[in-house]
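> Structure supplied as model.cif; contents: mmCIF, C-alpha atoms.
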data_target
loop_
_atom_site.group_PDB
_atom_site.id
_atom_site.type_symbol
_atom_site.label_atom_id
_atom_site.label_comp_id
_atom_site.auth_asym_id
_atom_site.auth_seq_id
_atom_site.Cartn_x
_atom_site.Cartn_y
_atom_site.Cartn_z
ATOM 1 C CA MET B 1 43.615 7.054 13.792
ATOM 2 C CA GLN B 2 42.877 5.560 10.394
ATOM 3 C CA LYS B 3 42.773 2.032 11.772
ATOM 4 C CA ILE B 4 40.387 3.182 14.516
ATOM 5 C CA ARG B 5 38.045 5.380 12.557
ATOM 6 C CA ARG B 6 37.108 6.250 8.989
ATOM 7 C CA LEU B 7 34.308 8.749 9.218
ATOM 8 C CA LEU B 8 31.157 8.638 7.165
ATOM 9 C CA VAL B 9 30.863 12.099 5.582
ATOM 10 C CA ILE B 10 27.293 13.256 5.129
ATOM 11 C CA LEU B 11 25.750 16.637 4.273
ATOM 12 C CA ILE B 12 22.364 17.874 5.424
ATOM 13 C CA LEU B 13 20.281 19.899 2.971
ATOM 14 C CA LEU B 14 16.808 21.130 3.943
ATOM 15 C CA GLY B 15 16.524 18.457 6.579
ATOM 16 C CA GLU B 16 17.433 15.640 4.229
ATOM 17 C CA VAL B 17 20.607 13.577 4.165
ATOM 18 C CA SER B 18 22.836 13.580 1.102
ATOM 19 C CA VAL B 19 25.764 11.180 0.795
ATOM 20 C CA ALA B 20 29.016 13.006 0.122
ATOM 21 C CA SER B 21 31.245 9.976 0.507
ATOM 22 C CA ALA B 22 30.982 6.206 0.772
ATOM 23 C CA GLN B 23 33.456 6.162 3.669
ATOM 24 C CA LEU B 24 32.452 4.418 6.868
ATOM 25 C CA VAL B 25 32.557 4.668 10.636
ATOM 26 C CA LYS B 26 34.736 1.894 11.950
ATOM 27 C CA GLY B 27 35.635 2.293 15.575
ATOM 28 C CA GLN B 28 35.161 5.105 18.031
ATOM 29 C CA ILE B 29 32.984 8.204 17.522
ATOM 30 C CA LYS B 30 33.716 11.408 19.493
ATOM 31 C CA ASP B 31 31.139 13.927 20.705
ATOM 32 C CA ASP B 32 31.415 17.728 20.805
ATOM 33 C CA LYS B 33 33.460 17.571 24.011
ATOM 34 C CA GLY B 34 35.927 15.070 22.598
ATOM 35 C CA GLN B 35 34.516 12.183 24.604
ATOM 36 C CA PRO B 36 33.711 8.772 23.096
ATOM 37 C CA VAL B 37 30.058 8.412 22.136
ATOM 38 C CA ASN B 38 28.534 5.843 24.499
ATOM 39 C CA ALA B 39 25.331 4.689 22.772
ATOM 40 C CA HIS B 40 25.173 0.975 21.987
ATOM 41 C CA GLY B 41 22.339 -1.109 20.557
ATOM 42 C CA ALA B 42 21.343 2.275 19.200
ATOM 43 C CA GLY B 43 18.457 3.745 17.257
ATOM 44 C CA VAL B 44 17.995 7.107 15.550
ATOM 45 C CA LEU B 45 15.067 9.536 15.677
ATOM 46 C CA PHE B 46 14.864 12.316 13.065
ATOM 47 C CA HIS B 47 12.770 15.226 14.322
ATOM 48 C CA ASN B 48 12.525 18.825 13.086
ATOM 49 C CA GLY B 49 15.795 18.672 11.178
ATOM 50 C CA THR B 50 17.842 17.040 13.937
ATOM 51 C CA TYR B 51 19.015 13.465 14.383
ATOM 52 C CA TYR B 52 18.837 12.018 17.878
ATOM 53 C CA LEU B 53 20.940 8.958 18.644
ATOM 54 C CA PHE B 54 19.813 6.826 21.601
ATOM 55 C CA GLY B 55 21.790 3.918 22.984
ATOM 56 C CA GLU B 56 22.852 1.801 25.950
ATOM 57 C CA ILE B 57 25.438 3.303 28.261
ATOM 58 C CA LYS B 58 28.204 0.715 28.685
ATOM 59 C CA LYS B 59 30.378 1.813 31.583
ATOM 60 C CA GLY B 60 32.176 0.027 34.383
ATOM 61 C CA LYS B 61 33.942 -3.250 34.916
ATOM 62 C CA THR B 62 32.857 -6.174 32.748
ATOM 63 C CA TRP B 63 31.969 -9.353 34.639
ATOM 64 C CA LEU B 64 30.722 -12.809 33.703
ATOM 65 C CA VAL B 65 27.372 -13.989 35.073
ATOM 66 C CA PRO B 66 28.002 -17.434 36.629
ATOM 67 C CA GLY B 67 26.010 -20.531 35.775
ATOM 68 C CA GLN B 68 25.045 -19.531 32.240
ATOM 69 C CA GLN B 69 25.390 -21.737 29.163
ATOM 70 C CA TRP B 70 26.788 -18.838 27.133
ATOM 71 C CA GLU B 71 29.279 -16.040 27.695
ATOM 72 C CA ASP B 72 26.932 -13.740 29.613
ATOM 73 C CA TYR B 73 29.271 -10.781 30.044
ATOM 74 C CA ARG B 74 27.738 -7.707 31.680
ATOM 75 C CA VAL B 75 28.443 -4.229 32.972
ATOM 76 C CA PRO B 76 26.122 -2.358 35.351
ATOM 77 C CA ALA B 77 23.036 -1.130 33.485
ATOM 78 C CA GLY B 78 23.859 2.510 32.742
ATOM 79 C CA GLY B 79 20.550 3.700 31.342
ATOM 80 C CA VAL B 80 20.053 5.330 27.950
ATOM 81 C CA SER B 81 22.142 8.145 26.487
ATOM 82 C CA CYS B 82 21.153 10.708 23.858
ATOM 83 C CA TYR B 83 23.251 12.582 21.297
ATOM 84 C CA SER B 84 22.069 15.050 18.640
ATOM 85 C CA SER B 85 23.435 15.966 15.214
ATOM 86 C CA LYS B 86 22.506 17.978 12.156
ATOM 87 C CA ASP B 87 24.875 16.129 9.825
ATOM 88 C CA LEU B 88 25.451 12.643 11.328
ATOM 89 C CA LYS B 89 29.104 13.603 11.720
ATOM 90 C CA ASN B 90 29.232 16.098 14.569
ATOM 91 C CA TRP B 91 27.490 14.835 17.709
ATOM 92 C CA LYS B 92 26.388 16.881 20.723
ATOM 93 C CA TYR B 93 25.968 15.066 24.012
ATOM 94 C CA GLU B 94 22.425 15.709 25.261
ATOM 95 C CA GLY B 95 22.810 13.732 28.484
ATOM 96 C CA VAL B 96 21.157 10.691 30.003
ATOM 97 C CA ALA B 97 17.721 10.310 28.432
ATOM 98 C CA LEU B 98 16.645 7.522 30.798
ATOM 99 C CA ALA B 99 18.549 7.222 34.058
ATOM 100 C CA PRO B 100 19.175 3.921 35.878
ATOM 101 C CA VAL B 101 18.219 3.271 39.493
ATOM 102 C CA LYS B 102 20.764 2.183 42.092
ATOM 103 C CA GLY B 103 20.187 -0.154 45.003
ATOM 104 C CA ASP B 104 16.690 -1.415 44.133
ATOM 105 C CA PRO B 105 16.953 -4.925 42.617
ATOM 106 C CA SER B 106 13.169 -5.084 42.148
ATOM 107 C CA ASN B 107 13.192 -2.036 39.859
ATOM 108 C CA ASP B 108 13.343 -2.613 36.081
ATOM 109 C CA LEU B 109 15.963 0.131 35.781
ATOM 110 C CA ASP B 110 18.261 -1.035 38.578
ATOM 111 C CA THR B 111 21.938 -1.126 37.650
ATOM 112 C CA GLY B 112 21.904 -4.873 38.366
ATOM 113 C CA ARG B 113 19.341 -5.409 35.601
ATOM 114 C CA VAL B 114 19.597 -5.272 31.792
ATOM 115 C CA ILE B 115 18.556 -2.212 29.744
ATOM 116 C CA GLU B 116 19.216 -2.826 26.045
ATOM 117 C CA ARG B 117 18.494 -1.663 22.483
ATOM 118 C CA PRO B 118 16.487 1.520 23.147
ATOM 119 C CA LYS B 119 14.517 2.926 20.206
ATOM 120 C CA VAL B 120 12.426 6.122 20.074
ATOM 121 C CA ILE B 121 9.556 7.175 17.799
ATOM 122 C CA TYR B 122 7.338 10.268 17.818
ATOM 123 C CA ASN B 123 3.558 10.136 18.079
ATOM 124 C CA GLU B 124 1.977 13.015 16.165
ATOM 125 C CA LYS B 125 -1.419 12.539 17.840
ATOM 126 C CA THR B 126 -0.250 12.622 21.466
ATOM 127 C CA LYS B 127 2.824 14.827 20.825
ATOM 128 C CA LYS B 128 4.854 12.376 22.899
ATOM 129 C CA PHE B 129 8.197 10.747 22.241
ATOM 130 C CA VAL B 130 7.949 7.045 23.056
ATOM 131 C CA MET B 131 10.932 4.841 23.900
ATOM 132 C CA TRP B 132 10.865 1.044 23.936
ATOM 133 C CA MET B 133 13.724 -1.137 25.152
ATOM 134 C CA HIS B 134 14.615 -4.677 26.223
ATOM 135 C CA ILE B 135 14.351 -5.067 29.995
ATOM 136 C CA ASP B 136 15.781 -8.153 31.654
ATOM 137 C CA LYS B 137 17.530 -9.703 34.611
ATOM 138 C CA LYS B 138 21.219 -10.535 34.413
ATOM 139 C CA ASP B 139 20.443 -14.161 33.486
ATOM 140 C CA TYR B 140 17.883 -13.105 30.825
ATOM 141 C CA SER B 141 15.052 -14.896 32.639
ATOM 142 C CA TYR B 142 12.768 -11.805 32.742
ATOM 143 C CA SER B 143 12.525 -11.195 28.970
ATOM 144 C CA GLN B 144 10.266 -8.140 28.797
ATOM 145 C CA SER B 145 9.860 -4.929 26.812
ATOM 146 C CA GLY B 146 9.916 -1.626 28.683
ATOM 147 C CA VAL B 147 8.367 1.683 27.635
ATOM 148 C CA ALA B 148 9.074 5.304 28.591
ATOM 149 C CA VAL B 149 7.740 8.665 27.385
ATOM 150 C CA SER B 150 8.872 12.273 27.134
ATOM 151 C CA ASP B 151 7.611 15.638 25.921
ATOM 152 C CA LYS B 152 11.027 16.402 24.429
ATOM 153 C CA PRO B 153 13.079 14.311 21.985
ATOM 154 C CA ALA B 154 16.227 14.265 24.145
ATOM 155 C CA GLY B 155 14.273 13.615 27.324
ATOM 156 C CA PRO B 156 14.378 13.072 30.203
ATOM 157 C CA TYR B 157 12.079 10.068 29.692
ATOM 158 C CA ARG B 158 9.605 8.866 32.301
ATOM 159 C CA TYR B 159 9.580 5.102 32.668
ATOM 160 C CA LEU B 160 6.105 3.544 32.608
ATOM 161 C CA TYR B 161 6.367 -0.241 32.908
ATOM 162 C CA SER B 162 7.589 -3.438 31.242
ATOM 163 C CA ILE B 163 5.519 -6.208 29.717
ATOM 164 C CA LYS B 164 5.647 -9.504 27.896
ATOM 165 C CA PRO B 165 3.711 -8.620 24.704
ATOM 166 C CA ASN B 166 0.750 -10.995 24.544
ATOM 167 C CA VAL B 167 2.447 -13.009 27.292
ATOM 168 C CA GLN B 168 5.371 -13.685 24.966
ATOM 169 C CA MET B 169 9.082 -13.461 25.745
ATOM 170 C CA SER B 170 10.698 -10.277 24.431
ATOM 171 C CA ARG B 171 14.469 -9.891 24.223
ATOM 172 C CA ASP B 172 16.475 -8.131 21.457
ATOM 173 C CA MET B 173 14.061 -5.656 19.893
ATOM 174 C CA THR B 174 13.537 -2.720 17.589
ATOM 175 C CA LEU B 175 10.751 -0.290 16.666
ATOM 176 C CA PHE B 176 9.385 0.501 13.244
ATOM 177 C CA LYS B 177 7.002 3.335 12.359
ATOM 178 C CA ASP B 178 5.282 2.985 9.005
ATOM 179 C CA ASP B 179 4.331 5.759 6.582
ATOM 180 C CA GLU B 180 0.710 5.960 7.751
ATOM 181 C CA GLY B 181 1.703 6.239 11.424
ATOM 182 C CA LYS B 182 1.261 2.671 12.626
ATOM 183 C CA ALA B 183 4.073 1.429 14.845
ATOM 184 C CA TYR B 184 5.425 -2.066 15.419
ATOM 185 C CA LEU B 185 7.568 -3.766 18.047
ATOM 186 C CA ILE B 186 9.855 -6.463 16.638
ATOM 187 C CA TYR B 187 11.552 -8.774 19.127
ATOM 188 C CA SER B 188 13.285 -12.106 19.658
ATOM 189 C CA SER B 189 10.943 -14.490 21.459
ATOM 190 C CA GLU B 190 10.410 -18.101 22.514
ATOM 191 C CA GLN B 191 13.945 -18.475 23.921
ATOM 192 C CA ASN B 192 15.188 -16.646 20.800
ATOM 193 C CA PHE B 193 14.072 -19.463 18.499
ATOM 194 C CA THR B 194 11.373 -17.308 16.901
ATOM 195 C CA MET B 195 10.981 -13.603 16.220
ATOM 196 C CA GLN B 196 7.663 -11.794 16.621
ATOM 197 C CA VAL B 197 6.146 -8.590 15.243
ATOM 198 C CA CYS B 198 3.480 -6.822 17.324
ATOM 199 C CA LEU B 199 1.320 -3.862 16.305
ATOM 200 C CA LEU B 200 1.375 -1.152 18.978
ATOM 201 C CA SER B 201 -1.599 0.837 20.242
ATOM 202 C CA ASP B 202 -2.392 4.211 18.652
ATOM 203 C CA ASP B 203 -0.456 6.018 21.395
ATOM 204 C CA TYR B 204 2.509 3.606 20.934
ATOM 205 C CA LYS B 205 2.519 2.821 24.662
ATOM 206 C CA ARG B 206 1.075 -0.696 24.637
ATOM 207 C CA PRO B 207 1.171 -3.834 22.519
ATOM 208 C CA THR B 208 -2.068 -4.829 20.831
ATOM 209 C CA LYS B 209 -3.322 -8.364 20.385
ATOM 210 C CA THR B 210 -2.269 -8.224 16.730
ATOM 211 C CA PHE B 211 1.038 -10.040 16.406
ATOM 212 C CA THR B 212 2.706 -12.635 14.187
ATOM 213 C CA ARG B 213 5.454 -15.228 14.576
ATOM 214 C CA ILE B 214 8.209 -14.950 11.959
ATOM 215 C CA LEU B 215 11.587 -16.604 11.280
ATOM 216 C CA ILE B 216 10.241 -19.593 13.176
ATOM 217 C CA GLY B 217 12.958 -21.883 14.505
ATOM 218 C CA LYS B 218 15.736 -19.736 13.012
ATOM 219 C CA LYS B 219 17.129 -18.439 16.342
ATOM 220 C CA ARG B 220 17.748 -14.833 15.288
ATOM 221 C CA GLU B 221 18.312 -11.604 17.232
ATOM 222 C CA ALA B 222 19.448 -7.967 16.769
ATOM 223 C CA PRO B 223 16.541 -6.997 14.444
ATOM 224 C CA ALA B 224 16.685 -3.898 12.223
ATOM 225 C CA LEU B 225 13.592 -3.237 10.070
ATOM 226 C CA PHE B 226 13.311 -0.704 7.240
ATOM 227 C CA LYS B 227 11.108 -0.017 4.228
ATOM 228 C CA ASN B 228 12.139 0.350 0.594
ATOM 229 C CA GLY B 229 9.386 1.075 -1.925
ATOM 230 C CA ASP B 230 6.473 -1.127 -0.940
ATOM 231 C CA LYS B 231 8.625 -3.839 0.674
ATOM 232 C CA TYR B 232 9.789 -4.336 4.251
ATOM 233 C CA TYR B 233 13.302 -5.586 4.941
ATOM 234 C CA LEU B 234 14.408 -7.165 8.201
ATOM 235 C CA ILE B 235 18.092 -7.661 9.006
ATOM 236 C CA THR B 236 18.992 -9.968 11.899
ATOM 237 C CA SER B 237 21.985 -11.786 13.339
ATOM 238 C CA ALA B 238 22.374 -15.328 14.579
ATOM 239 C CA CYS B 239 22.570 -15.988 18.332
ATOM 240 C CA SER B 240 26.239 -16.413 19.219
ATOM 241 C CA GLY B 241 26.518 -14.373 22.402
ATOM 242 C CA TRP B 242 28.881 -11.422 22.064
ATOM 243 C CA SER B 243 30.781 -13.038 19.176
ATOM 244 C CA PRO B 244 29.993 -11.814 15.636
ATOM 245 C CA ASN B 245 28.309 -13.968 13.006
ATOM 246 C CA ALA B 246 26.725 -13.734 9.555
ATOM 247 C CA ALA B 247 23.770 -11.385 9.092
ATOM 248 C CA MET B 248 20.646 -12.460 7.231
ATOM 249 C CA TYR B 249 17.793 -10.506 5.700
ATOM 250 C CA ALA B 250 14.155 -11.286 5.028
ATOM 251 C CA VAL B 251 11.533 -9.464 2.941
ATOM 252 C CA ALA B 252 7.764 -8.972 3.327
ATOM 253 C CA ASP B 253 4.879 -7.025 1.825
ATOM 254 C CA ASN B 254 3.635 -6.073 5.297
ATOM 255 C CA PRO B 255 5.481 -5.408 8.574
ATOM 256 C CA LEU B 256 3.591 -8.331 10.098
ATOM 257 C CA GLY B 257 4.796 -10.650 7.362
ATOM 258 C CA PRO B 258 4.975 -13.306 6.128
ATOM 259 C CA TYR B 259 8.712 -12.878 5.485
ATOM 260 C CA LYS B 260 10.733 -14.601 2.804
ATOM 261 C CA GLU B 261 14.260 -15.335 3.955
ATOM 262 C CA TYR B 262 17.325 -14.493 1.917
ATOM 263 C CA GLY B 263 21.018 -14.795 2.588
ATOM 264 C CA ASN B 264 23.728 -12.603 3.999
ATOM 265 C CA PRO B 265 23.506 -8.986 2.722
ATOM 266 C CA CYS B 266 27.189 -8.396 3.483
ATOM 267 C CA LYS B 267 29.675 -8.793 0.642
ATOM 268 C CA GLY B 268 33.415 -9.255 0.419
ATOM 269 C CA PRO B 269 36.074 -9.905 3.073
ATOM 270 C CA GLY B 270 34.623 -10.055 6.562
ATOM 271 C CA ALA B 271 31.064 -10.748 5.402
ATOM 272 C CA VAL B 272 30.784 -14.002 7.373
ATOM 273 C CA THR B 273 31.110 -12.040 10.643
ATOM 274 C CA THR B 274 29.211 -8.906 9.498
ATOM 275 C CA TYR B 275 32.625 -7.228 9.514
ATOM 276 C CA GLU B 276 33.066 -8.139 13.229
ATOM 277 C CA ALA B 277 29.824 -6.375 14.172
ATOM 278 C CA GLN B 278 26.146 -6.920 14.989
ATOM 279 C CA SER B 279 23.157 -5.064 13.541
ATOM 280 C CA THR B 280 21.217 -2.499 15.557
ATOM 281 C CA TYR B 281 19.491 -0.066 13.134
ATOM 282 C CA VAL B 282 19.070 0.927 9.485
ATOM 283 C CA LEU B 283 18.766 4.664 8.832
ATOM 284 C CA PRO B 284 17.161 5.753 5.505
ATOM 285 C CA LEU B 285 18.823 8.461 3.419
ATOM 286 C CA LYS B 286 15.722 10.398 2.461
ATOM 287 C CA ASP B 287 16.913 12.151 -0.673
ATOM 288 C CA LYS B 288 18.538 9.061 -2.168
ATOM 289 C CA PRO B 289 15.935 6.292 -2.511
ATOM 290 C CA GLY B 290 17.365 2.835 -2.000
ATOM 291 C CA SER B 291 20.308 4.082 0.083
ATOM 292 C CA TYR B 292 20.674 3.694 3.829
ATOM 293 C CA ILE B 293 23.166 3.586 6.688
ATOM 294 C CA PHE B 294 23.591 0.153 8.260
ATOM 295 C CA MET B 295 24.416 0.745 11.942
ATOM 296 C CA ALA B 296 26.067 -1.964 14.030
ATOM 297 C CA ASP B 297 28.013 -2.554 17.237
ATOM 298 C CA ARG B 298 31.511 -3.975 17.428
ATOM 299 C CA TRP B 299 31.329 -5.659 20.818
ATOM 300 C CA ASN B 300 34.385 -6.052 23.034
ATOM 301 C CA LYS B 301 32.994 -8.817 25.242
ATOM 302 C CA LEU B 302 35.861 -8.767 27.751
ATOM 303 C CA ASP B 303 35.648 -4.984 28.197
ATOM 304 C CA LEU B 304 32.201 -3.856 27.054
ATOM 305 C CA GLU B 305 32.945 -0.206 27.808
ATOM 306 C CA LYS B 306 35.459 -0.303 24.950
ATOM 307 C CA SER B 307 32.943 -1.582 22.396
ATOM 308 C CA ASP B 308 32.613 0.693 19.383
ATOM 309 C CA TYR B 309 30.725 1.067 16.102
ATOM 310 C CA LEU B 310 30.422 0.164 12.453
ATOM 311 C CA TRP B 311 28.340 2.306 10.074
ATOM 312 C CA LEU B 312 28.241 1.202 6.449
ATOM 313 C CA PRO B 313 26.373 2.194 3.292
ATOM 314 C CA LEU B 314 23.446 -0.120 2.558
ATOM 315 C CA THR B 315 21.692 -0.262 -0.808
ATOM 316 C CA VAL B 316 18.641 -2.039 -2.185
ATOM 317 C CA ASN B 317 18.792 -2.861 -5.888
ATOM 318 C CA ASN B 318 16.087 -4.932 -7.580
ATOM 319 C CA GLY B 319 14.925 -6.084 -4.173
ATOM 320 C CA LYS B 320 18.359 -7.261 -3.062
ATOM 321 C CA VAL B 321 20.049 -5.796 0.014
ATOM 322 C CA GLU B 322 23.778 -5.203 -0.107
ATOM 323 C CA ILE B 323 26.210 -4.006 2.549
ATOM 324 C CA LYS B 324 29.829 -3.515 1.560
ATOM 325 C CA GLY B 325 32.619 -3.313 4.096
ATOM 326 C CA ASN B 326 35.087 -1.683 1.706
#
Before anything else, please render the file you have as structure tokens.

Amino acid sequence: MQKIRRLLVILILLGEVSVASAQLVKGQIKDDKGQPVNAHGAGVLFHNGTYYLFGEIKKGKTWLVPGQQWEDYRVPAGGVSCYSSKDLKNWKYEGVALAPVKGDPSNDLDTGRVIERPKVIYNEKTKKFVMWMHIDKKDYSYSQSGVAVSDKPAGPYRYLYSIKPNVQMSRDMTLFKDDEGKAYLIYSSEQNFTMQVCLLSDDYKRPTKTFTRILIGKKREAPALFKNGDKYYLITSACSGWSPNAAMYAVADNPLGPYKEYGNPCKGPGAVTTYEAQSTYVLPLKDKPGSYIFMADRWNKLDLEKSDYLWLPLTVNNGKVEIKGN
């Protein structure tokens, strides 16, 4: 089991996370029923002392979409799963937070479509939990962001619609909620050559006309945005299909940018492939400023159902981000 999984050990004290060990998750994670956690491209919501993990359900036979210029491997869109935990170690399966639709190719949530990288934030004003995700067709020609809402953190979520924010392509994406309650959608755009950051409406359900173009011409995806002090840090990956590559981070004084680009935050053996993984989320450790969990997927492109996870300690020291694989 050691080669499959080395668990990150974390304690919860008064609703705050305290690092008890610098070990890592590398491989499979099991839920309370002994089943593999199936939550890819994941994000985490912390609400009332509980962590909720949302992710893509990868289940079924992997197949290759014909006629593409890259290795467009797919499984049927399985919807979005939810797991809960008090300690980030023991996970309870909460069920399917957003269910797919079968047999309706025109529906955004049809199993023949793409439902990726779900993220959830809570709106204190409306008392709603709001989920955004990448919605696409199997050949990635649709390129939209979808939104769903719920009265409960674990769902079920009610799907509202999908949209191209400001008539812009939206593929790999994440959400970021700032200290004062403003929320932002960050997504790969313009055929993935440029990333964009869009301020959301006060209810978090719609994009506003306030958006910026960042990392122009860099062809980045898999964004993960977090805040340290008064700076905003964005980790991304290059676009190499399902194959791993070197991460990169950029820093700004405002979520909308401008962003200054830096190098690979990963250090040591395996850094050039982000330790065979791809970024999906950065989770702050609240009682240890400057410390975070870097969450990533280890994709198995030929059998996506067998993809697993990599969770590593991430630190920010003197403005420099560092992720160590050992």
> When you draw a straight line from CA of Pro153 (chain B) to CA of Tyr83 (chain B), how long is it in Å?
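We find that CA of Pro153 (chain B) and CA of Tyr83 (chain B) lie 10.3 Å from each other.
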> Given the PyMOL selection byres ((chain B and resi 76) around 6) and the file above, list the residues it selects as JSON, numbers by chain.
{"B": [75, 77, 78, 111, 112]}
> So how far away is CA of Leu45 (chain B) from CA of Lys320 (chain B), in Å?
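That distance, rounded to one decimal, is 25.4 Å.
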> Do you know which residues are at most 10 Å from region 237-250 of chain B counting all atoms listed in the file, after dropping those on the same chain fewer than 4 positions away, and could you put them as an MDAnalysis selection string?
chainID B and resid 70:73 192:193 214:215 218:225 232:233 257:266 270:280 297:302 304 320:322
> Smallest atom-to-atom distance to Ser162 (chain B): which of B:Ser188, B:Asn107, B:Gln196, B:Gln35, using all atoms listed in the file?
B:Asn107
> Could you write out as a VMD selection string the residues that the PyMOL selection byres ((chain B and resi 163) around 12) matches in the shown file?
chain B and resid 108 132 to 136 142 to 147 160 to 162 164 to 171 205 to 208
> Between CA of Ser106 (chain B) and CA of Asp139 (chain B), measure the distance and give it in Å to one decimal.
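So the two atoms, CA of Ser106 (chain B) and CA of Asp139 (chain B), lie 14.5 Å apart.
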> Residues at most 9 Å from Ile293 (chain B), counting all atoms listed in the file, excluding those fewer than 6 positions away in the same chain, as a VMD selection string?
chain B and resid 281 to 285 311 to 315
> Take the residues from that selection and write them out as a PDB file, in the frame of the given file, keeping C-alpha atoms.

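Okay, this is what ended up in result-v1.pdb:
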ATOM      1  CA  TYR B 281      19.491  -0.066  13.134  1.00  0.00           C
ATOM      2  CA  VAL B 282      19.070   0.927   9.485  1.00  0.00           C
ATOM      3  CA  LEU B 283      18.766   4.664   8.832  1.00  0.00           C
ATOM      4  CA  PRO B 284      17.161   5.753   5.505  1.00  0.00           C
ATOM      5  CA  LEU B 285      18.823   8.461   3.419  1.00  0.00           C
ATOM      6  CA  TRP B 311      28.340   2.306  10.074  1.00  0.00           C
ATOM      7  CA  LEU B 312      28.241   1.202   6.449  1.00  0.00           C
ATOM      8  CA  PRO B 313      26.373   2.194   3.292  1.00  0.00           C
ATOM      9  CA  LEU B 314      23.446  -0.120   2.558  1.00  0.00           C
ATOM     10  CA  THR B 315      21.692  -0.262  -0.808  1.00  0.00           C
TER      11      THR B 315
END
> When distances are computed from all atoms listed in the file, which of B:Lys177, B:Gly229, B:Asp31, B:Ala252 shows the smallest separation from Asn317 (chain B)?
B:Gly229
> What's the 8 Å shell around Asn228 (chain B), counting all atoms listed in the file, without same-chain residues fewer than 5 positions away, as a list of chain:residue names?
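So, after excluding close chain neighbours, the residues are B:Tyr233, B:Pro289, B:Gly290, B:Val316.
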> Specify as JSON, numbers by chain each residue included when the PyMOL selection byres ((chain B and resi 53-68) around 9) is applied to this file.
{"B": [38, 39, 40, 41, 42, 43, 44, 45, 46, 51, 52, 69, 70, 71, 72, 73, 74, 75, 76, 77, 78, 79, 80, 81, 82, 83, 84, 85, 91, 96, 97, 115, 116, 117, 118, 119, 120, 138, 139, 154, 301, 302, 303, 304, 305, 306, 307]}
> Could you give me the centre and size, in Å to one decimal, of an axis-aligned box around all listed atoms of region 306-314 of chain B with 4 Å added on every side, as JSON?

{"center_x": 29.5, "center_y": 0.4, "center_z": 13.8, "size_x": 20.0, "size_y": 11.9, "size_z": 30.4}
> Using only C-alpha atoms, which of B:Met173, B:Ala148, B:Leu310, B:Met195 sits nearest Phe129 (chain B)?
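Ranked by minimum distance to Phe129 (chain B), first place goes to B:Ala148.
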